[in-house]
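S.K.: So that we are looking at the same thing, I have put the structure below in structure tokens.
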Amino acid sequence: MADVSRILAVLVAGLLAASPVRAEFWSGNALYAELTSTDSSRKLLGLGYVMGVHDAHETVNHCSPGTVTAGQVRDVVLRFLESAPEYRHRTADVIIREVLKATWPCAARPSQNGGSRL
């Protein structure tokens, strides 16, 4: 399974490197179009975008279970985009972060030094 994840990561990195689109410039509408496309390469690009935001913010913004799959993460985001079209005008990275934070919040962590958390 790790080999499949590694291959997917390399493939997505290649697709993103060839694309002039940057994360902060995708809207929820653009992400929704990619995730619901009938073109498998567009779906893969959308999945890569979602997983890139997921991985970049894991343990800081959200704490998904170690057994979560890329498909589950995509499904959670897609379900939100389908059920709340009024938010699709927002940037996709913000939507993804908020959805993942609401779905898999991190437990409160005690501070290391017993004092205030910085």
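Starting from 1 in every chain, residues are counted up; chains themselves are A, B, ... following the order of the structure tokens, and ligands are numbered from 1 as listed.
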Can you check which residues of range 26-106 of chain A DSSP gives as alpha helix (DSSP H) on the backbone and send them as an MDAnalysis selection string?
M.R.: chainID A and resid 28:35 40:57 70:83 92:103
S.K.: Set the distance at 12 Å and use only C-alpha atoms: which residues neighbour Phe80 in chain A once local chain neighbours fewer than 2 positions away are removed? I'd like the list as a list of chain:residue names.
M.R.: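 Returned residues: A:Gly28, A:Asn29, A:Leu31, A:Tyr32, A:Val73, A:Arg74, A:Asp75, A:Val76, A:Val77, A:Leu78, A:Glu82, A:Ser83, A:Ala84, A:Pro85, A:Glu86, A:Tyr87, A:Arg88, A:Ala92, A:Ile95, A:Ile96, A:Arg97, A:Glu98, A:Val99, A:Leu100, A:Ala102, A:Thr103.
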S.K.: For Ser27 in chain A, please output as a PyMOL selection string all residues within 6 Å (counting only C-alpha atoms; exclusion window: fewer than 4 positions along the same chain).
M.R.: chain A and resi 89-92
S.K.: Write to file, as a short mmCIF file (atom, residue, chain, number, x, y, z; two decimals), in the first residue's frame, the residues of the selection just made, with all heavy atoms.
M.R.:
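Done, and the output landed in again16.cif:
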```cif
data_model
loop_
_atom_site.label_atom_id
_atom_site.label_comp_id
_atom_site.auth_asym_id
_atom_site.auth_seq_id
_atom_site.Cartn_x
_atom_site.Cartn_y
_atom_site.Cartn_z
N HIS A 89 -17.46 29.68 -3.56
CA HIS A 89 -16.71 30.83 -4.06
C HIS A 89 -15.44 31.08 -3.25
O HIS A 89 -14.53 31.76 -3.70
CB HIS A 89 -17.60 32.09 -4.04
CG HIS A 89 -17.92 32.55 -2.65
ND1 HIS A 89 -18.89 31.93 -1.89
CD2 HIS A 89 -17.37 33.52 -1.87
CE1 HIS A 89 -18.94 32.53 -0.70
NE2 HIS A 89 -18.03 33.49 -0.67
N ARG A 90 -15.36 30.52 -2.06
CA ARG A 90 -14.18 30.69 -1.20
C ARG A 90 -13.00 29.91 -1.77
O ARG A 90 -13.18 29.01 -2.60
CB ARG A 90 -14.49 30.18 0.21
CG ARG A 90 -15.58 31.01 0.89
CD ARG A 90 -15.89 30.51 2.27
NE ARG A 90 -14.74 30.69 3.15
CZ ARG A 90 -14.63 30.09 4.33
NH1 ARG A 90 -15.58 29.28 4.76
NH2 ARG A 90 -13.57 30.29 5.08
N THR A 91 -11.80 30.23 -1.32
CA THR A 91 -10.64 29.51 -1.83
C THR A 91 -10.68 28.07 -1.36
O THR A 91 -11.09 27.76 -0.23
CB THR A 91 -9.32 30.17 -1.40
OG1 THR A 91 -9.27 30.23 0.01
CG2 THR A 91 -9.17 31.56 -1.98
N ALA A 92 -10.28 27.18 -2.24
CA ALA A 92 -10.39 25.75 -1.97
C ALA A 92 -9.56 25.31 -0.78
O ALA A 92 -10.00 24.47 0.01
CB ALA A 92 -9.98 24.96 -3.22
#
```
S.K.: Please identify all polymer residues within 12 Å of Val60 in chain A, counting only C-alpha atoms, omitting same-chain residues fewer than 3 positions from it, and present them as a PyMOL selection string.
M.R.: chain A and resi 53-57+63-64+97+100-101+104-109
S.K.: Store the residues of this selection in a file with all heavy atoms, as a short mmCIF file (atom, residue, chain, number, x, y, z; two decimals), in the first residue's frame.
M.R.:
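The result, written out as out_23.cif:
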```
data_model
loop_
_atom_site.label_atom_id
_atom_site.label_comp_id
_atom_site.auth_asym_id
_atom_site.auth_seq_id
_atom_site.Cartn_x
_atom_site.Cartn_y
_atom_site.Cartn_z
N VAL A 53 -3.37 19.65 0.63
CA VAL A 53 -3.81 20.50 1.74
C VAL A 53 -3.91 19.66 3.01
O VAL A 53 -3.48 20.08 4.08
CB VAL A 53 -5.15 21.19 1.41
CG1 VAL A 53 -5.68 21.95 2.61
CG2 VAL A 53 -4.99 22.12 0.20
N HIS A 54 -4.47 18.46 2.89
CA HIS A 54 -4.58 17.56 4.05
C HIS A 54 -3.22 17.32 4.68
O HIS A 54 -3.02 17.52 5.87
CB HIS A 54 -5.20 16.23 3.62
CG HIS A 54 -5.17 15.18 4.68
ND1 HIS A 54 -4.06 14.36 4.86
CD2 HIS A 54 -6.07 14.81 5.61
CE1 HIS A 54 -4.29 13.53 5.87
NE2 HIS A 54 -5.51 13.78 6.34
N ASP A 55 -2.26 16.90 3.88
CA ASP A 55 -0.94 16.54 4.40
C ASP A 55 -0.19 17.75 4.95
O ASP A 55 0.51 17.65 5.95
CB ASP A 55 -0.10 15.86 3.32
CG ASP A 55 -0.66 14.48 2.96
OD1 ASP A 55 -1.57 13.99 3.64
OD2 ASP A 55 -0.17 13.90 1.97
N ALA A 56 -0.36 18.91 4.30
CA ALA A 56 0.35 20.11 4.75
C ALA A 56 -0.13 20.59 6.11
O ALA A 56 0.63 21.22 6.85
CB ALA A 56 0.19 21.22 3.72
N HIS A 57 -1.37 20.28 6.46
CA HIS A 57 -1.94 20.81 7.70
C HIS A 57 -2.25 19.74 8.74
O HIS A 57 -2.83 20.05 9.79
CB HIS A 57 -3.20 21.62 7.37
CG HIS A 57 -2.89 22.80 6.51
ND1 HIS A 57 -2.35 23.97 7.00
CD2 HIS A 57 -3.00 22.99 5.17
CE1 HIS A 57 -2.16 24.82 6.02
NE2 HIS A 57 -2.55 24.25 4.89
N CYS A 63 -6.52 16.34 12.84
CA CYS A 63 -5.80 15.11 13.21
C CYS A 63 -6.61 13.91 12.72
O CYS A 63 -7.36 13.30 13.48
CB CYS A 63 -5.59 15.05 14.72
SG CYS A 63 -4.51 16.36 15.33
N SER A 64 -6.48 13.62 11.45
CA SER A 64 -7.23 12.50 10.88
C SER A 64 -6.66 11.18 11.40
O SER A 64 -5.49 11.09 11.73
CB SER A 64 -7.21 12.55 9.35
OG SER A 64 -5.89 12.58 8.88
N ARG A 97 -9.34 22.99 4.64
CA ARG A 97 -8.86 23.07 6.02
C ARG A 97 -10.01 23.10 7.02
O ARG A 97 -9.99 22.41 8.04
CB ARG A 97 -7.96 24.29 6.22
CG ARG A 97 -6.59 24.13 5.63
CD ARG A 97 -5.60 25.18 6.11
NE ARG A 97 -6.13 26.51 6.30
CZ ARG A 97 -6.00 27.51 5.43
NH1 ARG A 97 -5.37 27.32 4.30
NH2 ARG A 97 -6.50 28.69 5.71
N LEU A 100 -11.84 19.64 7.14
CA LEU A 100 -11.04 18.63 7.84
C LEU A 100 -10.96 18.92 9.33
O LEU A 100 -11.00 18.00 10.15
CB LEU A 100 -9.65 18.52 7.23
CG LEU A 100 -9.61 18.07 5.77
CD1 LEU A 100 -8.17 18.01 5.26
CD2 LEU A 100 -10.32 16.74 5.57
N LYS A 101 -10.86 20.18 9.70
CA LYS A 101 -10.82 20.56 11.12
C LYS A 101 -12.13 20.18 11.81
O LYS A 101 -12.12 19.69 12.94
CB LYS A 101 -10.57 22.06 11.23
CG LYS A 101 -10.41 22.55 12.65
CD LYS A 101 -10.09 24.04 12.65
CE LYS A 101 -9.86 24.55 14.05
NZ LYS A 101 -9.49 25.97 14.03
N TRP A 104 -12.17 16.05 11.74
CA TRP A 104 -11.17 15.38 12.59
C TRP A 104 -10.42 16.39 13.43
O TRP A 104 -9.23 16.66 13.22
CB TRP A 104 -10.19 14.59 11.72
CG TRP A 104 -10.81 13.45 11.00
CD1 TRP A 104 -11.42 12.36 11.55
CD2 TRP A 104 -10.89 13.27 9.58
NE1 TRP A 104 -11.88 11.52 10.55
CE2 TRP A 104 -11.56 12.04 9.34
CE3 TRP A 104 -10.44 14.01 8.49
CZ2 TRP A 104 -11.81 11.55 8.07
CZ3 TRP A 104 -10.69 13.53 7.22
CH2 TRP A 104 -11.36 12.31 7.02
N PRO A 105 -11.09 16.98 14.43
CA PRO A 105 -10.39 17.96 15.27
C PRO A 105 -9.29 17.29 16.09
O PRO A 105 -9.38 16.11 16.42
CB PRO A 105 -11.50 18.50 16.16
CG PRO A 105 -12.52 17.41 16.20
CD PRO A 105 -12.45 16.72 14.86
N CYS A 106 -8.26 18.04 16.38
CA CYS A 106 -7.19 17.53 17.23
C CYS A 106 -7.61 17.67 18.70
O CYS A 106 -8.23 18.67 19.07
CB CYS A 106 -5.90 18.32 17.00
SG CYS A 106 -5.23 18.12 15.34
N ALA A 107 -7.27 16.68 19.49
CA ALA A 107 -7.55 16.76 20.92
C ALA A 107 -6.69 17.86 21.52
O ALA A 107 -5.59 18.14 21.03
CB ALA A 107 -7.24 15.42 21.58
N ALA A 108 -7.18 18.48 22.57
CA ALA A 108 -6.40 19.51 23.25
C ALA A 108 -5.10 18.88 23.74
O ALA A 108 -5.10 17.80 24.32
CB ALA A 108 -7.19 20.09 24.41
N ARG A 109 -4.02 19.54 23.47
CA ARG A 109 -2.71 19.03 23.87
C ARG A 109 -2.19 19.82 25.05
O ARG A 109 -2.15 21.05 24.99
CB ARG A 109 -1.73 19.15 22.70
CG ARG A 109 -2.12 18.32 21.51
CD ARG A 109 -1.07 18.49 20.42
NE ARG A 109 -1.52 17.81 19.24
CZ ARG A 109 -1.80 18.41 18.09
NH1 ARG A 109 -1.66 19.70 17.97
NH2 ARG A 109 -2.19 17.72 17.06
#
```
S.K.: Just the number, please: distance in Å from CA of Met51 in chain A to CA of Ser37 in chain A, one decimal.
M.R.: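 A separation of 17.3 Å between them.
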S.K.: Between CA of Ala33 in chain A and CA of Val50 in chain A, what is the distance in Å, rounded to a tenth?
M.R.: 13.0 Å
S.K.: Would you work out the distance separating CA of Thr67 in chain A from CA of Thr38 in chain A, expressed in Å to one decimal?
M.R.: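 Those two atoms sit 27.7 Å apart.
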